[in-house]
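This report concerns only the one structure given below.
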Amino acid sequence: MDSRKEIENPEGPLGVLLVGLGAVSTTFVAGVEAVRRGLGEPIGSLTQLGTIRLGKRTESRVPLIKDFVPLAKLDDLVFGCWDIFEDDCFESATTAGVLKKDLLGELQESLEELRPMPAVFERDYVKKLDGPHVKSGKNKLDLANQLRSDIRAFREENGCKRVVMVWCASTEVFIENQDVHSSVESFEKGLEASDPEIAPSMIYAYAAMKEGVAFANGAPNLTVDIPAIQELSKSCGVPIAGKDFKTGQTLMKTILAPGLKARLLGLSGWFSTNILGNRDGEVLDDPGSFKTKEESKLGALEHILQPEMYPELYRDIYHKVRINYYPPRRDNKEGWDNLDIFGWLGYEMQIKIDFLCRDSILAAPLVLDLVLFLDLAQRAGFSGIQEWLSFYFKSPMTLPELYPEHDIFIQLTKLKNTLRYLRGEDQITHLGLDYYKQ
């Protein structure tokens, strides 16, 4: 009996709508174009380079993921975007300074074709930025309807039946769930009343849901993780994922912390500081936006180490995160970490990490994977929170009664087991006792 889940074939172009045309979006778009032309490799992309084991180890069935599940091809992707500046993708990529000028020069003609639509933006939510290329309307519902018109026009112009939207814009100020977020009805009333607790990112998410567009939130904003949007995602049959791309320092934490816990080594303190000079760094120089990011970055350790279960090892961890805006570094973020750990009989040790990373280089393949996997999810009939995509986020979304899984190795197992489920393959448990009973 074939237990594979019914999945529609990825026919025709797949629209990719990016909110924000800054360093991450331009690196993603230019990177996809470079890979299409054979000018680079999609390093860091699970959908393009990753493999998946099927069945027993002795069967030697290890296909590429892109050959195992029906993903859209890179040649099928068409791009649209919104931004508060009018610069086209080539100009924005040049300003961001992530990619080398000679590569951008080879891609210039193609990148210049991508010009942003006016954005929904209010400086109250991102205090360190301002730009002239923004929409105006009588209220926030009007702005949402303008976004819906943009989506429909993009679909028609590009012949796209399928579209995925990704928030690649800046971190908004910290907002907590309020009554206006509690239901679709209250949210729509809030839109009409231009409620200040409805941030621009939520307006994009609302427009996406109403137009049947899957949505991934690459920043730590309160966006699709509110009851109103989650209710819409289910009723509209739309998958959602978030939040906050897992790139530099938190990536290291979700790799190292599971190792400390596996070996039952104690941790008394973890001090993290960053310097970065891109637009993200400038935005995070504002205390309100930093508060949003800090909440996202602080959560991983507690959930991985489970101090309530291992009090003698992790009960009194001192965990501090700092982010410093340093313009000369541009997109080349540097993250320093000091870990004070202890082992046998309580003897103290230290681990020090200096991760000189390129933030957008790490984020671009995540955007690609999320676009392709969310499109797959929608074609498979999935809707609502896609917890199996936790692998890509600092603050993975779950149902309220579930704790988020932050261990990157468990996250990868969950992702691959979901793909196996979709294709009717056995889950991999790594038990392996049957090999030794023969």
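Numbering starts fresh at 1 for the residues of each chain in the structure tokens, the chains themselves are lettered A, B, ... in the order given, and ligands are numbered from 1 as they appear.
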Point to revise | 7 Å contact set for Ala214 (chain A), only C-alpha atoms, chain neighbours under 4 positions out, as a ChimeraX atom specification | key: /A:163-165,208,238-240,374
Selected residues, N, CA and C atoms, written as an mmCIF file, in the first residue's frame, please.
```
data_model
loop_
_atom_site.group_PDB
_atom_site.id
_atom_site.type_symbol
_atom_site.label_atom_id
_atom_site.label_comp_id
_atom_site.auth_asym_id
_atom_site.auth_seq_id
_atom_site.Cartn_x
_atom_site.Cartn_y
_atom_site.Cartn_z
ATOM 1 N N VAL A 163 2.755 31.485 -4.499
ATOM 2 C CA VAL A 163 3.603 32.581 -4.026
ATOM 3 C C VAL A 163 3.958 32.325 -2.563
ATOM 4 N N VAL A 164 5.206 32.654 -2.200
ATOM 5 C CA VAL A 164 5.668 32.618 -0.811
ATOM 6 C C VAL A 164 6.204 34.003 -0.467
ATOM 7 N N MET A 165 5.863 34.497 0.722
ATOM 8 C CA MET A 165 6.355 35.789 1.193
ATOM 9 C C MET A 165 7.315 35.566 2.359
ATOM 10 N N ALA A 208 -0.943 38.521 3.236
ATOM 11 C CA ALA A 208 -0.497 37.232 2.694
ATOM 12 C C ALA A 208 -1.535 36.145 2.953
ATOM 13 N N VAL A 238 -3.046 28.148 4.634
ATOM 14 C CA VAL A 238 -1.728 28.722 4.339
ATOM 15 C C VAL A 238 -0.714 28.308 5.413
ATOM 16 N N PRO A 239 0.445 27.786 5.034
ATOM 17 C CA PRO A 239 1.486 27.489 6.021
ATOM 18 C C PRO A 239 2.244 28.743 6.447
ATOM 19 N N ILE A 240 2.635 28.785 7.716
ATOM 20 C CA ILE A 240 3.418 29.895 8.252
ATOM 21 C C ILE A 240 4.603 29.324 9.028
ATOM 22 N N LEU A 374 8.181 25.822 2.175
ATOM 23 C CA LEU A 374 6.823 26.322 2.407
ATOM 24 C C LEU A 374 5.938 26.084 1.190
#
```
Check your understanding: Just asking: which residues within region 119-363 of chain A are strand (DSSP E or B) according to DSSP, as a PyMOL selection string?
Key -> chain A and resi 119+134+162-167+214-217+239-242+245+266-276+318-325+334-342+348-356
Close residues, His181 (chain A) itself excluded, 9 Å, only C-alpha atoms, min 6 positions apart in chain, as a CSV table (one decimal) with C-alpha atoms, in the first residue's frame:
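The result, written out as around-v5.csv:
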```
chain,number,residue,atom,x,y,z
A,187,PHE,CA,-7.6,42.2,14.4
A,190,GLY,CA,-7.9,47.0,14.8
A,197,GLU,CA,-0.4,47.4,18.5
A,198,ILE,CA,-0.6,46.3,14.9
A,226,ILE,CA,-0.4,35.9,17.1
A,227,PRO,CA,-3.7,34.1,17.4
A,228,ALA,CA,-5.4,36.2,14.7
A,229,ILE,CA,-2.9,35.4,12.0
```
Enumerate, in order of chain and increasing residue number, the residues of region 312-411 of chain A with an atom no farther than 9 Å from region 19-38 of chain A, each with its shortest atom pair and distance in Å to one decimal, counting only C-alpha atoms, as a Markdown table.
```
| residue | atom | partner | partner_atom | distance |
| --- | --- | --- | --- | --- |
| A:Asp331 | CA | A:Ala23 | CA | 7.7 |
| A:Asp359 | CA | A:Val24 | CA | 8.0 |
| A:Ser360 | CA | A:Val24 | CA | 4.8 |
| A:Ile361 | CA | A:Thr27 | CA | 6.9 |
| A:Leu362 | CA | A:Val24 | CA | 9.0 |
| A:Ala363 | CA | A:Val24 | CA | 6.4 |
| A:Ala364 | CA | A:Phe28 | CA | 4.5 |
| A:Pro365 | CA | A:Phe28 | CA | 7.0 |
| A:Leu366 | CA | A:Phe28 | CA | 9.0 |
| A:Val367 | CA | A:Phe28 | CA | 7.0 |
| A:Leu368 | CA | A:Phe28 | CA | 7.2 |
```
Those selected residues, please, written with C-alpha atoms and delivered as a PDB file, in the first residue's frame.
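File selection36.pdb, as written:
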```pdb
ATOM      1  CA  ASP A 331      27.772  42.942   7.066  1.00  0.00           C
ATOM      2  CA  ASP A 359      25.417  37.518   8.321  1.00  0.00           C
ATOM      3  CA  SER A 360      23.696  37.700   4.932  1.00  0.00           C
ATOM      4  CA  ILE A 361      25.827  34.890   3.488  1.00  0.00           C
ATOM      5  CA  LEU A 362      24.495  32.666   6.270  1.00  0.00           C
ATOM      6  CA  ALA A 363      20.913  33.932   5.917  1.00  0.00           C
ATOM      7  CA  ALA A 364      20.514  33.709   2.107  1.00  0.00           C
ATOM      8  CA  PRO A 365      20.382  29.889   1.893  1.00  0.00           C
ATOM      9  CA  LEU A 366      17.829  29.853   4.719  1.00  0.00           C
ATOM     10  CA  VAL A 367      15.560  32.119   2.684  1.00  0.00           C
ATOM     11  CA  LEU A 368      15.873  29.776  -0.299  1.00  0.00           C
TER      12      LEU A 368
END
```
Practice item. Write out as a count of residues only all residues of region 111-141 of chain A that backbone DSSP assigns to helix (DSSP H, G or I). Key: 4
Exercise for review: Check the smallest atom-to-atom distance from each of A:Asn9, A:Asn332, A:Ser194, A:Thr58 to Pro70 (chain A) using only C-alpha atoms, then report the winner.
Suggested key: A:Asn9
Review point. Contacts of Ala241 (chain A) at 6 Å or less, counting only C-alpha atoms, minus same-chain residues fewer than 5 places along, as a PyMOL selection string?
Key: chain A and resi 216+385-386
Limited to C-alpha atoms, could you put the picked residues into a file as a PDB file, in the first residue's frame?
```pdb
ATOM      1  CA  ALA A 216       8.042  33.081   6.811  1.00  0.00           C
ATOM      2  CA  ILE A 385       2.473  26.555  12.047  1.00  0.00           C
ATOM      3  CA  GLN A 386       5.163  24.475  10.334  1.00  0.00           C
TER       4      GLN A 386
END
```
Review point. Contacts of Asp316 (chain A) at 7 Å or less, counting only C-alpha atoms, minus same-chain residues fewer than 2 places along, as a VMD selection string?
Key: chain A and resid 268 314 318
Region 186-286 of chain A near region 143-160 of chain A within 7 Å: what's each residue's closest atom pair and its distance in Å to one decimal, counting only C-alpha atoms, ordered by chain then ascending residue number, as a Markdown table?
```
| residue | atom | partner | partner_atom | distance |
| --- | --- | --- | --- | --- |
| A:Ile203 | CA | A:Ala144 | CA | 5.6 |
| A:Tyr204 | CA | A:Ala144 | CA | 6.8 |
| A:Ala207 | CA | A:Arg148 | CA | 5.4 |
| A:Glu211 | CA | A:Arg148 | CA | 6.6 |
```
Using only C-alpha atoms, what does the table of region 42-133 of chain A residues within 10 Å of region 269-283 of chain A look like, with each row giving the shortest atom pair and its distance in Å to one decimal, sorted by chain and ascending number, as CSV?
```
residue,atom,partner,partner_atom,distance
A:Thr95,CA,A:Asn278,CA,10.0
A:Ala96,CA,A:Asn278,CA,7.3
A:Gly97,CA,A:Asn278,CA,9.2
A:Val98,CA,A:Asn278,CA,9.6
A:Val126,CA,A:Val283,CA,6.8
A:Lys127,CA,A:Val283,CA,7.2
A:Lys128,CA,A:Val283,CA,5.2
A:Leu129,CA,A:Val283,CA,6.9
```
Give me a file of those residues, with N, CA and C atoms, as a short mmCIF file (atom, residue, chain, number, x, y, z; two decimals), in the first residue's frame.
```
data_model
loop_
_atom_site.label_atom_id
_atom_site.label_comp_id
_atom_site.auth_asym_id
_atom_site.auth_seq_id
_atom_site.Cartn_x
_atom_site.Cartn_y
_atom_site.Cartn_z
N THR A 95 25.07 48.82 -2.40
CA THR A 95 25.10 49.56 -1.14
C THR A 95 25.37 48.63 0.04
N ALA A 96 24.76 47.45 0.03
CA ALA A 96 24.94 46.49 1.13
C ALA A 96 26.39 46.04 1.23
N GLY A 97 27.06 45.89 0.09
CA GLY A 97 28.48 45.55 0.10
C GLY A 97 28.80 44.13 0.54
N VAL A 98 27.84 43.22 0.43
CA VAL A 98 28.08 41.84 0.83
C VAL A 98 28.82 41.08 -0.27
N VAL A 126 10.30 51.07 13.74
CA VAL A 126 11.73 50.90 13.45
C VAL A 126 12.33 52.31 13.49
N LYS A 127 12.78 52.71 14.66
CA LYS A 127 13.07 54.13 14.90
C LYS A 127 14.34 54.61 14.23
N LYS A 128 15.23 53.71 13.88
CA LYS A 128 16.52 54.11 13.31
C LYS A 128 16.50 54.20 11.79
N LEU A 129 15.36 53.91 11.17
CA LEU A 129 15.26 53.95 9.72
C LEU A 129 14.16 54.91 9.28
#
```
Review point. Using only C-alpha atoms, which residues sit within 7 Å of Gly218 (chain A) once same-chain residues fewer than 6 positions away are excluded, as number ranges by chain?
Key: A: 166-168, 242-245
**Study point:** Option closest in space to Ser395 (chain A), from A:Ala300, A:Ala377, A:Leu141, A:Leu99 [counting only C-alpha atoms]
**Key:** A:Ala300
